[in-house]
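Enquirer: What follows is the file final.txt, containing compact mmCIF, C-alpha atoms and all ligand atoms:
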```
# COMPACT_ATOMS: atom_id res chain seq x y z
CA ASP A 1 -47.87 9.48 -69.05
CA GLN A 2 -46.23 10.07 -65.73
CA VAL A 3 -48.87 7.90 -64.07
CA ASN A 4 -48.20 5.18 -66.61
CA SER A 5 -44.47 5.12 -66.01
CA MET A 6 -45.08 5.21 -62.24
CA MET A 7 -47.30 2.14 -62.58
CA LYS A 8 -44.69 0.38 -64.67
CA TYR A 9 -42.05 1.19 -62.09
CA ASP A 10 -44.27 -0.08 -59.30
CA ARG A 11 -44.86 -3.34 -61.14
CA LYS A 12 -41.12 -3.75 -61.71
CA LYS A 13 -40.56 -3.24 -58.00
CA THR A 14 -43.16 -5.84 -57.13
CA GLU A 15 -41.70 -8.33 -59.60
CA PHE A 16 -38.27 -7.71 -58.13
CA LEU A 17 -39.66 -8.49 -54.67
CA VAL A 18 -41.09 -11.79 -55.92
CA ASN A 19 -37.75 -12.78 -57.45
CA LEU A 20 -35.83 -11.72 -54.39
CA SER A 21 -38.15 -13.66 -52.08
CA HIS A 22 -37.74 -16.79 -54.15
CA GLU A 23 -33.96 -16.37 -54.12
CA LEU A 24 -34.01 -15.97 -50.34
CA ARG A 25 -36.00 -19.17 -49.94
CA THR A 26 -33.42 -21.42 -51.54
CA PRO A 27 -30.55 -20.95 -49.06
CA LEU A 28 -33.04 -20.88 -46.21
CA ASN A 29 -34.40 -24.27 -47.24
CA VAL A 30 -30.84 -25.60 -47.28
CA ILE A 31 -30.19 -24.31 -43.75
CA LEU A 32 -33.48 -25.78 -42.48
CA GLY A 33 -32.62 -29.09 -44.12
CA ALA A 34 -29.21 -29.09 -42.43
CA ILE A 35 -30.82 -28.39 -39.05
CA GLN A 36 -33.20 -31.28 -39.59
CA LEU A 37 -30.25 -33.54 -40.39
CA MET A 38 -28.51 -32.50 -37.19
CA GLU A 39 -31.69 -33.24 -35.24
CA PHE A 40 -31.89 -36.61 -36.90
CA ASP A 41 -28.26 -37.39 -36.04
CA LEU A 42 -28.92 -36.52 -32.42
CA ASP A 43 -31.81 -38.97 -32.47
CA LEU A 44 -34.13 -36.52 -30.77
CA ALA A 45 -37.13 -38.61 -31.73
CA ASN A 46 -36.03 -41.35 -29.33
CA ASN A 47 -35.41 -38.82 -26.59
CA CYS A 48 -31.77 -39.90 -26.38
CA ILE A 49 -30.74 -36.31 -25.81
CA LYS A 50 -32.43 -32.98 -25.11
CA GLU A 51 -32.45 -30.64 -28.09
CA PRO A 52 -29.48 -28.27 -27.73
CA GLU A 53 -30.47 -24.64 -27.17
CA CYS A 54 -28.44 -23.41 -30.14
CA LEU A 55 -30.32 -25.71 -32.50
CA LYS A 56 -33.61 -24.39 -31.14
CA VAL A 57 -32.48 -20.81 -31.68
CA MET A 58 -31.38 -21.56 -35.24
CA LYS A 59 -34.64 -23.28 -36.08
CA HIS A 60 -36.79 -20.60 -34.46
CA ASN A 61 -35.07 -17.84 -36.39
CA CYS A 62 -35.20 -19.78 -39.65
CA PHE A 63 -38.93 -20.06 -39.11
CA ARG A 64 -39.18 -16.32 -38.58
CA LEU A 65 -37.44 -15.79 -41.90
CA VAL A 66 -39.66 -18.37 -43.60
CA ARG A 67 -42.74 -16.57 -42.33
CA LEU A 68 -41.45 -13.21 -43.47
CA ILE A 69 -40.56 -14.53 -46.92
CA ASN A 70 -43.86 -16.38 -47.32
CA ASN A 71 -45.71 -13.23 -46.31
CA LEU A 72 -43.67 -11.13 -48.73
CA ILE A 73 -44.40 -13.55 -51.56
CA ASP A 74 -48.10 -13.57 -50.77
CA MET A 75 -48.24 -9.80 -50.41
CA THR A 76 -46.65 -9.29 -53.81
CA LYS A 77 -48.89 -11.96 -55.35
CA ILE A 78 -51.91 -10.20 -53.91
CA ASP A 79 -50.65 -6.90 -55.35
CA LEU A 80 -50.19 -8.46 -58.77
CA ASN A 81 -53.53 -10.24 -58.50
CA TYR A 82 -51.92 -13.68 -58.74
CA PHE A 83 -53.13 -14.94 -55.40
CA HIS A 84 -55.98 -17.45 -55.47
CA ILE A 85 -57.80 -19.13 -52.66
CA ASN A 86 -59.09 -22.67 -52.74
CA LYS A 87 -62.57 -22.75 -51.30
CA ARG A 88 -64.26 -25.88 -50.07
CA ASN A 89 -67.11 -26.54 -47.69
CA CYS A 90 -65.91 -26.87 -44.13
CA ASP A 91 -67.07 -26.39 -40.57
CA ILE A 92 -65.72 -22.98 -39.69
CA VAL A 93 -66.60 -23.30 -35.98
CA ASN A 94 -64.56 -26.46 -35.60
CA LEU A 95 -61.74 -24.97 -37.63
CA VAL A 96 -61.49 -21.80 -35.51
CA GLU A 97 -61.77 -23.81 -32.29
CA LYS A 98 -58.96 -26.14 -33.36
CA ILE A 99 -56.70 -23.23 -34.28
CA THR A 100 -57.45 -21.48 -31.00
CA LEU A 101 -56.76 -24.59 -28.94
CA SER A 102 -53.44 -25.01 -30.72
CA VAL A 103 -52.07 -21.81 -29.15
CA VAL A 104 -53.45 -22.29 -25.62
CA ASP A 105 -50.30 -23.93 -24.24
CA TYR A 106 -48.10 -21.43 -25.97
CA ALA A 107 -50.04 -18.51 -24.49
CA LYS A 108 -50.04 -20.20 -21.09
CA SER A 109 -46.25 -20.16 -21.13
CA LYS A 110 -46.57 -16.36 -21.34
CA ASN A 111 -49.16 -16.42 -18.55
CA ILE A 112 -51.96 -15.46 -20.94
CA THR A 113 -55.30 -17.27 -20.95
CA VAL A 114 -56.99 -18.08 -24.24
CA THR A 115 -60.70 -18.96 -24.23
CA PHE A 116 -62.94 -20.12 -27.06
CA ASP A 117 -66.69 -19.64 -27.19
CA THR A 118 -69.39 -20.01 -29.82
CA ASN A 119 -73.14 -19.56 -30.23
CA THR A 120 -73.38 -22.52 -32.57
CA GLU A 121 -71.83 -25.97 -32.60
CA GLU A 122 -71.36 -26.20 -36.34
CA LYS A 123 -71.48 -23.99 -39.42
CA ILE A 124 -70.50 -25.25 -42.84
CA ILE A 125 -69.32 -22.49 -45.16
CA ALA A 126 -67.25 -22.27 -48.31
CA CYS A 127 -63.75 -21.15 -47.34
CA ASP A 128 -60.10 -21.96 -47.78
CA PRO A 129 -59.19 -23.63 -44.46
CA GLU A 130 -55.49 -22.99 -44.92
CA GLN A 131 -56.09 -19.26 -45.32
CA ILE A 132 -58.61 -19.16 -42.44
CA GLU A 133 -55.88 -20.75 -40.34
CA ARG A 134 -53.49 -17.97 -41.29
CA ILE A 135 -56.05 -15.25 -40.61
CA VAL A 136 -56.86 -16.57 -37.13
CA LEU A 137 -53.25 -17.41 -36.25
CA ASN A 138 -52.12 -13.95 -37.33
CA LEU A 139 -54.73 -12.29 -35.13
CA LEU A 140 -53.92 -14.62 -32.25
CA SER A 141 -50.21 -14.08 -32.64
CA ASN A 142 -50.73 -10.31 -32.47
CA ALA A 143 -53.06 -10.68 -29.49
CA ILE A 144 -50.41 -12.70 -27.64
CA LYS A 145 -47.67 -10.29 -28.69
CA PHE A 146 -49.48 -7.18 -27.50
CA THR A 147 -51.00 -8.51 -24.29
CA GLN A 148 -49.18 -8.37 -20.98
CA GLN A 149 -48.63 -11.29 -18.63
CA GLY A 150 -51.80 -12.25 -16.82
CA GLY A 151 -53.91 -11.04 -19.74
CA ASN A 152 -56.85 -12.71 -21.46
CA ILE A 153 -57.68 -13.48 -25.07
CA PHE A 154 -61.19 -14.46 -26.15
CA VAL A 155 -61.96 -16.06 -29.47
CA ARG A 156 -65.60 -16.32 -30.41
CA THR A 157 -67.51 -17.50 -33.45
CA CYS A 158 -70.95 -16.05 -33.87
CA ASP A 159 -73.51 -17.35 -36.35
CA CYS A 160 -75.48 -14.33 -37.58
CA GLY A 161 -77.53 -16.15 -40.23
CA ASP A 162 -76.14 -15.12 -43.59
CA LYS A 163 -72.81 -14.13 -42.02
CA ILE A 164 -70.43 -15.68 -39.54
CA ARG A 165 -68.28 -13.57 -37.25
CA ILE A 166 -64.91 -14.57 -35.91
CA ILE A 167 -63.93 -12.32 -33.03
CA VAL A 168 -60.45 -12.17 -31.51
CA LYS A 169 -60.40 -9.97 -28.45
CA ASP A 170 -57.61 -9.19 -26.02
CA ASN A 171 -57.14 -6.97 -23.00
CA GLY A 172 -53.65 -5.92 -24.05
CA ILE A 173 -52.04 -2.58 -24.85
CA GLY A 174 -54.67 -1.43 -27.36
CA ILE A 175 -54.22 0.68 -30.48
CA PRO A 176 -54.42 4.49 -30.54
CA LYS A 177 -57.45 5.89 -32.42
CA ASP A 178 -55.35 7.67 -35.05
CA LYS A 179 -53.65 4.38 -36.04
CA GLN A 180 -56.71 2.16 -36.17
CA LYS A 181 -57.29 2.57 -39.90
CA SER A 182 -53.67 2.54 -41.02
CA ILE A 183 -52.51 -0.64 -39.24
CA PHE A 184 -54.18 -2.62 -42.02
CA ASN A 185 -51.77 -0.99 -44.46
CA LYS A 186 -48.51 -2.62 -45.44
CA PHE A 187 -45.54 -2.06 -43.11
CA GLU A 188 -47.63 -0.06 -40.65
CA GLN A 189 -46.74 -0.49 -36.99
CA VAL A 190 -47.75 1.60 -34.01
CA ASP A 191 -44.26 1.42 -32.55
CA LYS A 192 -41.73 1.81 -35.35
CA SER A 193 -38.75 2.50 -33.11
CA LEU A 194 -35.72 0.25 -33.38
CA THR A 195 -35.92 -0.32 -29.67
CA ARG A 196 -39.51 -1.58 -29.77
CA GLU A 197 -40.34 -4.53 -27.58
CA HIS A 198 -41.86 -6.74 -30.27
CA GLU A 199 -40.57 -8.17 -33.49
CA GLY A 200 -42.58 -7.91 -36.67
CA SER A 201 -42.62 -6.63 -40.19
CA GLY A 202 -45.96 -4.87 -40.26
CA ILE A 203 -47.38 -6.97 -43.08
CA GLY A 204 -49.43 -9.47 -41.04
CA LEU A 205 -52.62 -7.41 -40.86
CA SER A 206 -52.46 -6.27 -44.48
CA ILE A 207 -52.36 -9.93 -45.52
CA VAL A 208 -55.15 -10.81 -43.09
CA LYS A 209 -57.31 -8.07 -44.60
CA ALA A 210 -56.55 -9.20 -48.17
CA LEU A 211 -57.29 -12.85 -47.30
CA VAL A 212 -60.58 -11.89 -45.65
CA GLU A 213 -61.52 -9.84 -48.72
CA LYS A 214 -60.65 -12.80 -50.98
CA HIS A 215 -63.44 -14.58 -49.07
CA ASN A 216 -65.75 -11.59 -49.79
CA GLY A 217 -65.63 -10.79 -46.11
CA SER A 218 -64.66 -7.75 -44.07
CA ILE A 219 -62.56 -6.98 -41.01
CA LYS A 220 -63.23 -4.36 -38.35
CA LEU A 221 -61.33 -3.20 -35.33
CA ASN A 222 -62.53 -1.87 -32.00
CA SER A 223 -59.79 -0.78 -29.68
CA GLU A 224 -59.01 1.51 -26.81
CA LEU A 225 -55.50 2.41 -25.82
CA GLY A 226 -54.52 0.65 -22.61
CA LYS A 227 -57.69 -1.45 -22.54
CA GLY A 228 -57.38 -3.89 -25.42
CA SER A 229 -58.32 -4.67 -28.99
CA GLU A 230 -61.07 -6.58 -30.72
CA PHE A 231 -60.76 -7.73 -34.33
CA ILE A 232 -64.03 -8.79 -35.96
CA VAL A 233 -63.86 -10.84 -39.14
CA GLU A 234 -67.16 -11.24 -40.95
CA LEU A 235 -67.51 -13.92 -43.64
CA PRO A 236 -70.51 -14.64 -45.86
CA CYS A 237 -72.17 -18.01 -45.21
CA GLU A 238 -72.21 -19.51 -48.66
CA VAL A 239 -71.78 -23.17 -49.51
CA LEU A 240 -70.44 -24.69 -52.68
CA ASP A 241 -72.32 -27.19 -54.73
CA GLU A 242 -70.09 -30.19 -53.95
CA SER A 243 -70.52 -31.67 -57.41
CA LYS A 244 -69.25 -28.51 -59.06
CA TYR A 245 -65.86 -28.06 -57.51
CA LYS A 246 -62.67 -30.04 -57.47
CA SER A 247 -61.13 -30.56 -54.09
CA GLY A 248 -57.41 -30.39 -53.88
CA SER A 249 -54.62 -28.78 -51.99
CA SER A 250 -53.80 -25.13 -52.28
CA SER A 251 -51.62 -24.28 -55.24
CA ASN A 252 -49.78 -21.55 -53.42
CA ASP A 253 -46.11 -22.39 -53.49
CA LYS A 254 -44.95 -22.04 -49.95
CA ILE A 255 -41.79 -23.47 -48.51
CA SER A 256 -42.65 -27.10 -48.82
CA ASP A 257 -41.03 -28.46 -45.66
CA ILE A 258 -43.43 -26.63 -43.39
CA ASP A 259 -46.36 -28.95 -43.84
CA GLU A 260 -46.87 -30.43 -40.45
CA TYR A 261 -49.68 -28.78 -38.53
CA ASN A 262 -47.55 -28.10 -35.44
CA ASP A 263 -44.80 -26.60 -37.55
CA ARG A 264 -47.29 -24.30 -39.25
CA ILE A 265 -48.54 -23.08 -35.88
CA TYR A 266 -44.98 -22.60 -34.71
CA LEU A 267 -44.22 -20.73 -37.93
CA GLU A 268 -47.07 -18.26 -37.52
CA LEU A 269 -46.08 -17.60 -33.91
CA ALA A 270 -42.36 -17.30 -34.68
CA ASP A 271 -42.31 -13.52 -34.21
CA ILE A 272 -43.18 -13.85 -30.54
CA ASN A 273 -40.06 -14.25 -28.46
P1 LIG A 301 -46.49 -6.89 -37.03
O1 LIG A 301 -45.68 -7.88 -37.79
O2 LIG A 301 -45.76 -5.64 -36.71
O3 LIG A 301 -47.21 -7.48 -35.86
P2 LIG A 301 -49.14 -6.53 -38.17
O4 LIG A 301 -49.54 -6.05 -39.52
O5 LIG A 301 -49.61 -7.89 -37.76
O6 LIG A 301 -47.58 -6.43 -38.12
O7 LIG A 301 -49.64 -5.49 -37.11
C1 LIG A 301 -49.38 -4.11 -37.34
C2 LIG A 301 -49.35 -3.34 -36.05
O8 LIG A 301 -50.68 -3.26 -35.48
C3 LIG A 301 -48.49 -3.96 -34.96
O9 LIG A 301 -47.12 -3.62 -35.12
C4 LIG A 301 -49.11 -3.32 -33.73
O10 LIG A 301 -48.59 -2.01 -33.54
C5 LIG A 301 -50.59 -3.21 -34.07
N1 LIG A 301 -51.40 -4.34 -33.53
C6 LIG A 301 -51.85 -5.41 -34.21
N2 LIG A 301 -52.59 -6.22 -33.43
C7 LIG A 301 -52.59 -5.66 -32.20
C8 LIG A 301 -53.21 -6.03 -30.93
N3 LIG A 301 -53.94 -7.12 -30.78
N4 LIG A 301 -53.00 -5.17 -29.89
C9 LIG A 301 -52.26 -4.04 -30.05
N5 LIG A 301 -51.67 -3.65 -31.19
C10 LIG A 301 -51.83 -4.45 -32.27
```
Hey, can you dump this file as structure tokens for me?
Ligand code: ADP

Expert:
Amino acid sequence: DQVNSMMKYDRKKTEFLVNLSHELRTPLNVILGAIQLMEFDLDLANNCIKEPECLKVMKHNCFRLVRLINNLIDMTKIDLNYFHINKRNCDIVNLVEKITLSVVDYAKSKNITVTFDTNTEEKIIACDPEQIERIVLNLLSNAIKFTQQGGNIFVRTCDCGDKIRIIVKDNGIGIPKDKQKSIFNKFEQVDKSLTREHEGSGIGLSIVKALVEKHNGSIKLNSELGKGSEFIVELPCEVLDESKYKSGSSSNDKISDIDEYNDRIYLELADIN
């Protein structure tokens, strides 16, 4: 009986989080809309004026909130088993390469080199490209966050026959052995102090793990403190019978304004200062 009421309470808490997240999104959308209007008024598109620093700061921090709220919504949906992925056949090698290339300039501005490598030019598998993008961007964003200036990040896809591996490796600060299992748990961070150097909510990796598992895949970590970390995502190489599935966009209700590819990249990297 006690277990039953605990479960009920837990469900109530999760439902509260979903409602709260949705309530937080509304004013945030209004603020983002207002910022966009200001940008429009300044005619930034025609390069009449450089974007004022304060506008950039407002937008950047709105994006951080958007990411946090989207992640909270997804986390609660995953907990309640409401989260569905939309698989279709796509070239995972090309997808991962494109995502990796999209952060190269960003990493360069932090003096970090990002390199992509693969043992195959193409591999068509059934996956949800939007979610693969989030998985890889989350791992890359962490790699950039926890790697010092002058560091290196390697992304590699490896065709292993019935499985494909996506490896994101950095030579950053590494993760202590006793934390390597728990960092995939919700809200888990190695450095929880208020004075920590990096921003974050500690839900990125728990979502990554859940998204990988939704693809019937697995995620592993090899890391040594002070030397670096390597995250290995393994996905099964299945393809869908094209005639048997409907293509269409993901039904997950994210904040709708953030559709542009560049904005989505920017959004996922918004925790890095
Ligand atoms: P956060 O929002 O805090 O980055 P994550 O769930 O993405 O949350 O990561 C959880 C924790 O795992 C981080 O706070 C960090 O301590 C550790 N971590 C994740 N990726 C790396 C990495 N590449 N190098 C070192 N530590 C990492």

Enquirer: For the atom pair CA of Val136 in chain A and CA of Ile166 in chain A, what is the interatomic distance in Å to one decimal place?

Expert: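 Rounded to one decimal, the two atoms are 8.4 Å apart.
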
Enquirer: Residues within 9 Å of ligand LIG 301 (chain A) (all atoms listed in the file), as a VMD selection string?

Expert: chain A and resid 68 138 to 147 168 to 176 179 to 180 182 to 192 198 to 208 223 225 228 to 231 271

Enquirer: Tell me which of A:Asp10, A:Asp128, A:Asp263, A:Glu213 sits closest to Glu234 in chain A, counting all atoms listed in the file.

Expert: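 Smallest distance to Glu234 in chain A is found for A:Glu213.
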
Enquirer: Could you pull the residues within 12 Å of Met38 in chain A, counting all atoms listed in the file, minus those fewer than 6 positions along the same chain, as number ranges by chain?

Expert: A: 31-32, 44-45, 51-52, 54-56, 58-59

Enquirer: In Å to one decimal, how far is CA of Glu130 in chain A from CA of Asp162 in chain A?

Expert: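 Those two atoms sit 22.1 Å apart.
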
Enquirer: From the list A:Glu121, A:Leu80, A:Arg264, A:Gly226, which residue is nearest Met7 in chain A when using all atoms listed in the file?

Expert: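 The shortest atom-to-atom distance to Met7 in chain A comes from A:Leu80.
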
Enquirer: With all atoms listed in the file as the basis for distance, which of A:Asn216, A:Ser243, A:Gln149, A:Thr14 is at the shortest distance from Ile73 in chain A?

Expert: A:Thr14

Enquirer: Just checking: using only C-alpha atoms, which residue out of A:Leu24, A:Leu72, A:Leu42, A:Ile265 ends up closest to Tyr106 in chain A?

Expert: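 The answer is A:Ile265, which sits nearest to Tyr106 in chain A.
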
Enquirer: State, in Å with one decimal place, the distance from CA of Val114 in chain A to CA of Arg165 in chain A.

Expert: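 Here the two named atoms are 17.8 Å from each other.
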
Enquirer: For Pro236 in chain A, which of A:Arg64, A:Lys163, A:Lys214, A:Lys209 is the closest residue, counting only C-alpha atoms?

Expert: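 Counting only C-alpha atoms, the residue closest to Pro236 in chain A is A:Lys163.
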
Enquirer: Wanna dump the range 120-159 of chain A-range 89-98 of chain A contacts at 6 Å for me, each residue with its shortest atom pair and the distance in Å to one decimal, counting all atoms listed in the file, ordered by chain and number, as a tab-separated table?

Expert:
```
residue	atom	partner	partner_atom	distance
A:Glu122	CA	A:Val93	CA	5.6
A:Lys123	CA	A:Asp91	CA	5.2
A:Ile124	CA	A:Asp91	CA	4.3
A:Ile125	CA	A:Asn89	CA	5.3
A:Ala126	CA	A:Asn89	CA	4.3
```
